[in-house]
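Novice: Below you'll find data.cif; it's mmCIF, C-alpha atoms.
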```cif
data_coords
#
loop_
_atom_site.label_atom_id
_atom_site.label_comp_id
_atom_site.auth_asym_id
_atom_site.auth_seq_id
_atom_site.Cartn_x
_atom_site.Cartn_y
_atom_site.Cartn_z
CA MET A 1 -11.37 -4.77 -9.53
CA ARG A 2 -9.06 -2.02 -8.39
CA VAL A 3 -6.44 -3.25 -5.94
CA TYR A 4 -3.80 -1.27 -4.10
CA VAL A 5 -0.40 -2.96 -3.90
CA PRO A 6 1.97 -1.76 -1.16
CA LEU A 7 5.60 -1.37 -2.22
CA THR A 8 8.75 0.54 -1.41
CA LEU A 9 10.71 2.71 -3.85
CA PRO A 10 13.19 -0.15 -4.49
CA GLY A 11 10.19 -2.45 -5.09
CA LEU A 12 8.76 0.07 -7.56
CA ALA A 13 12.16 0.29 -9.30
CA GLU A 14 12.21 -3.51 -9.63
CA ALA A 15 8.67 -3.51 -11.01
CA HIS A 16 9.67 -0.83 -13.51
CA LYS A 17 12.68 -2.89 -14.59
CA THR A 18 10.80 -6.20 -14.95
CA GLY A 19 7.41 -4.83 -16.02
CA GLU A 20 5.72 -6.81 -13.24
CA LEU A 21 4.65 -6.14 -9.70
CA GLY A 22 5.31 -9.83 -9.18
CA SER A 23 3.65 -13.16 -9.55
CA GLY A 24 0.97 -14.09 -7.11
CA PRO A 25 -0.02 -14.42 -4.59
CA LEU A 26 0.59 -10.75 -3.87
CA VAL A 27 -0.85 -9.04 -0.84
CA ALA A 28 -2.94 -6.06 -1.87
CA TYR A 29 -5.89 -4.10 -0.54
CA ALA A 30 -9.30 -3.52 -2.10
CA VAL A 31 -12.87 -2.62 -1.28
CA THR A 32 -13.93 -5.91 0.28
CA PRO A 33 -17.21 -6.70 2.06
CA ALA A 34 -15.37 -6.55 5.41
CA LEU A 35 -13.92 -3.12 4.58
CA ARG A 36 -17.39 -1.89 3.58
CA GLU A 37 -18.82 -3.15 6.87
CA TRP A 38 -16.01 -1.62 8.92
CA TYR A 39 -16.01 1.74 7.12
CA LEU A 40 -19.81 2.10 7.08
CA SER A 41 -20.01 3.99 3.82
CA ASP A 42 -21.53 3.39 0.42
CA ASP A 43 -19.41 6.10 -1.23
CA ILE A 44 -17.02 4.20 -3.49
CA GLU A 45 -14.45 7.01 -3.47
CA GLU A 46 -14.33 6.96 0.33
CA LEU A 47 -14.05 3.17 0.33
CA GLU A 48 -11.24 3.22 -2.22
CA TYR A 49 -9.43 5.84 -0.15
CA ALA A 50 -9.78 3.54 2.88
CA ALA A 51 -8.29 0.66 0.85
CA LEU A 52 -5.46 2.95 -0.31
CA SER A 53 -4.82 3.91 3.32
CA ARG A 54 -4.67 0.24 4.31
CA ALA A 55 -2.12 -0.32 1.52
CA ALA A 56 -0.09 2.67 2.77
CA LEU A 57 0.11 0.92 6.14
CA GLY A 58 1.20 -2.22 4.29
CA SER A 59 3.96 -0.18 2.65
CA LEU A 60 5.01 1.10 6.07
CA ARG A 61 5.28 -2.53 7.21
CA LEU A 62 7.54 -3.25 4.24
CA LEU A 63 9.69 -0.25 5.13
CA ALA A 64 10.06 -1.58 8.67
CA THR A 65 11.71 -4.69 7.20
CA GLU A 66 13.84 -2.80 4.63
CA PRO A 67 16.03 -0.39 6.59
CA GLY A 68 17.96 0.69 3.49
CA ALA A 69 14.88 1.75 1.52
CA PRO A 70 14.03 5.46 1.29
CA ARG A 71 11.47 6.27 3.95
CA ARG A 72 8.59 6.95 1.60
CA ARG A 73 5.45 4.82 1.36
CA VAL A 74 4.53 3.60 -2.12
CA VAL A 75 1.20 2.18 -3.32
CA VAL A 76 0.41 1.11 -6.88
CA ALA A 77 -3.26 1.09 -7.94
CA VAL A 78 -3.86 -1.74 -10.40
CA ASP A 79 -6.95 -3.05 -12.15
CA VAL A 80 -7.16 -6.85 -12.12
CA PRO A 81 -9.96 -9.27 -13.03
CA ASP A 82 -12.20 -9.90 -10.00
CA ARG A 83 -11.32 -13.60 -9.99
CA MET A 84 -7.63 -12.75 -9.38
CA ALA A 85 -8.24 -10.91 -6.07
CA VAL A 86 -9.64 -12.95 -3.20
CA ALA A 87 -10.19 -11.96 0.42
CA ASP A 88 -9.48 -14.58 3.07
CA PRO A 89 -12.87 -15.23 4.71
CA ASP A 90 -11.16 -16.52 7.87
CA ARG A 91 -9.50 -13.13 8.38
CA GLY A 92 -12.56 -11.12 7.32
CA LEU A 93 -13.08 -8.87 10.33
CA ASP A 94 -9.56 -9.11 11.74
CA PRO A 95 -8.67 -5.41 12.07
CA ALA A 96 -5.17 -6.13 10.74
CA ALA A 97 -6.59 -7.68 7.57
CA LEU A 98 -9.37 -5.25 6.64
CA GLY A 99 -9.43 -4.85 2.88
CA GLU A 100 -6.63 -7.37 2.42
CA VAL A 101 -6.78 -9.56 -0.68
CA ARG A 102 -4.43 -12.07 -2.29
CA VAL A 103 -3.86 -11.45 -5.97
CA SER A 104 -3.05 -14.58 -7.94
CA GLY A 105 -1.19 -14.70 -11.20
CA THR A 106 1.26 -12.21 -12.64
CA VAL A 107 0.42 -8.56 -12.17
CA ARG A 108 1.82 -6.51 -15.05
CA LEU A 109 2.82 -2.93 -14.39
CA VAL A 110 1.05 -1.83 -17.60
CA LYS A 111 -2.23 -2.59 -15.78
CA ALA A 112 -1.42 0.09 -13.19
CA ALA A 113 -3.77 3.04 -13.08
CA SER A 114 -1.63 5.24 -10.85
CA VAL A 115 1.14 5.34 -8.28
CA HIS A 116 0.88 6.99 -4.87
CA VAL A 117 4.05 8.07 -3.04
CA ASP A 118 4.92 10.16 -0.01
CA ALA A 119 6.45 13.57 -0.62
CA GLY A 120 10.02 14.03 0.55
CA ASP A 121 8.88 16.08 3.55
CA ALA A 122 7.16 12.96 4.97
CA GLU A 123 10.39 10.97 5.29
CA THR A 124 11.13 11.92 8.90
CA ASP A 125 7.65 10.97 10.11
CA VAL A 126 7.57 7.80 7.97
CA ALA A 127 10.99 6.75 9.31
CA ALA A 128 9.80 7.27 12.88
CA ALA A 129 6.58 5.35 12.16
CA ALA A 130 8.46 2.42 10.63
CA SER A 131 10.69 2.26 13.70
CA ALA A 132 7.70 2.43 16.08
CA LEU A 133 5.56 -0.12 14.26
CA ALA A 134 6.54 -3.20 16.28
CA ALA A 135 5.91 -1.42 19.58
CA ALA A 136 2.59 -0.10 18.28
CA ASP A 137 1.56 -3.60 17.26
CA GLY A 138 2.40 -4.66 20.82
CA GLY A 139 -0.08 -2.16 22.25
CA ASP A 140 2.21 0.78 23.04
CA ASP A 141 -0.03 3.87 22.77
CA ASP A 142 2.89 6.28 22.38
CA ALA A 143 4.27 4.20 19.51
CA GLN A 144 0.81 4.08 17.92
CA PHE A 145 0.71 7.88 18.07
CA VAL A 146 4.01 7.95 16.12
CA VAL A 147 2.66 5.46 13.55
CA ASP A 148 -0.50 7.53 13.17
CA GLY A 149 1.73 10.56 12.50
CA ALA A 150 2.71 9.07 9.13
CA GLU A 151 -0.98 9.04 8.19
CA ASP A 152 -1.01 12.83 8.52
CA HIS A 153 0.85 12.87 5.21
CA GLU A 154 -1.26 12.37 2.11
CA LEU A 155 0.27 10.19 -0.56
CA LEU A 156 0.83 12.12 -3.78
CA TRP A 157 -0.77 10.86 -7.00
CA PHE A 158 1.46 10.09 -9.98
CA ALA A 159 0.64 8.86 -13.47
CA THR A 160 2.36 5.63 -14.44
CA GLN A 161 4.41 7.57 -17.00
CA GLU A 162 6.09 9.31 -14.07
CA ILE A 163 7.51 6.09 -12.59
CA PRO A 164 10.97 6.55 -14.20
CA GLY A 165 11.31 9.89 -12.43
CA LEU A 166 10.18 8.41 -9.13
CA VAL A 167 12.73 5.58 -9.25
CA GLY A 168 15.51 7.70 -10.68
CA THR A 169 15.95 6.01 -14.05
CA GLY A 170 14.78 9.01 -16.04
CA ASP A 171 13.73 6.75 -18.98
#
```
With the file now loaded, output its structure as structure tokens.

Specialist:
Amino acid sequence: MRVYVPLTLPGLAEAHKTGELGSGPLVAYAVTPALREWYLSDDIEELEYAALSRAALGSLRLLATEPGAPRRRVVVAVDVPDRMAVADPDRGLDPAALGEVRVSGTVRLVKAASVHVDAGDAETDVAAAASALAAADGGDDDAQFVVDGAEDHELLWFATQEIPGLVGTGD
């Protein structure tokens, strides 16, 4: 199963250093039955893009709690055995949990298929979105508009071999 793990650039640097995204349970996003029902599509590429978008929002939530991290969303696409990724049936149709899965066990970075990161020109909008997130969660429509502004930026695709350049180690 392909899962999308939200991170920050410092989180990606740590994963590069240790060779692991972490030991479970990790929060990730995937094409779950609830996501399929919500998105109303049978096109797997569209569904995977929706899961990636949910993970990008998860990365934004991490950025909101890490004020020192560069304001760029990071998502790592990883293939894990189906048994390792489980959706919480009690949160199935909760809009905040669509596509959310818990990944058990250790997730090795060598299992990553790709990395998705904001371009530098997204930093201003991502910073504003991270700052507005709490107000948006509280129902503030203006803040939600700011959060949605980050979604106007497509995450760029990177091969896993490009991780050293992304985290500045230049290995």

Novice: Point out the residue among A:Leu133, A:Val146, A:Ala64, A:Met1 with the least atom-to-atom distance to Ala112 in chain A, counting only C-alpha atoms.

Specialist: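 Among the listed residues, A:Met1 lies closest to Ala112 in chain A.
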
Novice: Would you work out the distance separating CA of Asp125 in chain A from CA of Gly138 in chain A, expressed in Å to one decimal?

Specialist: 19.7 Å

Novice: Pick the closest to Ala55 in chain A from A:Asp142, A:Glu14, A:Glu100, A:Asp121: which is it, counting all atoms listed in the file?

Specialist: A:Glu100

Novice: What does the structure give for the distance between CA of Asp140 in chain A and CA of Pro67 in chain A, in Å to one decimal?

Specialist: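 Spanning CA of Asp140 in chain A to CA of Pro67 in chain A is a straight-line distance of 21.5 Å.
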
Novice: Any idea what the distance is between CA of Ser131 in chain A and CA of Ala143 in chain A?

Specialist: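 Here the two named atoms are 8.9 Å from each other.
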
Novice: Under the PyMOL selection byres ((chain A and resi 76) around 6), which residues of this model are included? Write them out as a tab-separated table (two decimals) with C-alpha atoms, in the frame of the given file.

Specialist:
```
chain	number	residue	atom	x	y	z
A	4	TYR	CA	-3.80	-1.27	-4.10
A	5	VAL	CA	-0.40	-2.96	-3.90
A	75	VAL	CA	1.20	2.18	-3.32
A	77	ALA	CA	-3.26	1.09	-7.94
A	115	VAL	CA	1.14	5.34	-8.28
```

Novice: Give me, as a Markdown table, each residue of range 81-171 of chain A that comes within 12 Å of range 47-50 of chain A, together with its shortest interatomic pair and the distance in Å at one decimal, counting all atoms listed in the file, with rows ordered by chain and rising residue number.

Specialist:
```
| residue | atom | partner | partner_atom | distance |
| --- | --- | --- | --- | --- |
| A:Leu98 | CA | A:Ala50 | CA | 9.6 |
| A:Gly99 | CA | A:Ala50 | CA | 8.4 |
| A:Glu100 | CA | A:Ala50 | CA | 11.4 |
| A:His116 | CA | A:Tyr49 | CA | 11.4 |
| A:Glu151 | CA | A:Ala50 | CA | 11.7 |
| A:Glu154 | CA | A:Tyr49 | CA | 10.7 |
| A:Leu155 | CA | A:Tyr49 | CA | 10.6 |
```

Novice: Which residues match the PyMOL selection byres ((chain A and resi 163) around 12) in the file above, as a ChimeraX atom specification?

Specialist: /A:9-17,19,74-76,109-110,112-117,157-162,164-171

Novice: Run through the PyMOL selection byres ((chain A and resi 149) around 10) on the given coordinates and return the selected residues as a list in words.

Specialist: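 Applied to this file, the PyMOL selection byres ((chain A and resi 149) around 10) returns Ala122, Asp125, Val126, Ala128, Ala129, Ala143, Gln144, Phe145, Val146, Val147, Asp148, Ala150, Glu151, Asp152 and His153 of chain A.
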
Novice: Set up a box along x, y and z of the file covering all listed atoms of range 135-148 of chain A, add 3 Å on every one of the six sides, and write the centre and edge lengths in Å to one decimal, as AutoDock Vina command-line options.

Specialist:
```
--center_x 2.7 --center_y 1.6 --center_z 18.1 --size_x 12.4 --size_y 18.6 --size_z 15.9
```

Novice: I need the residue nearest Asp88 in chain A from this list: A:Ala28, A:Ile44, A:Leu7, A:Ala136. Use only C-alpha atoms for the distance.

Specialist: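 Smallest distance to Asp88 in chain A is found for A:Ala28.
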
Novice: Using all atoms listed in the file, pick whichever of A:Val80, A:Arg108, A:Ala130, A:Pro6 has the shortest atom-to-atom distance to Val27 in chain A.

Specialist: A:Pro6

Novice: Out of A:Ala134, A:Ala30, A:Ala119, A:Leu156, which residue has the shortest atom-to-atom distance to Leu60 in chain A when counting all atoms listed in the file?

Specialist: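 Under the stated criterion, the closest residue is A:Ala134.
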
Novice: Tell me which of A:Met84, A:Ala135, A:Arg2, A:Arg73 sits closest to Glu45 in chain A, counting only C-alpha atoms.

Specialist: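 So, comparing all the options, the nearest one is A:Arg2.
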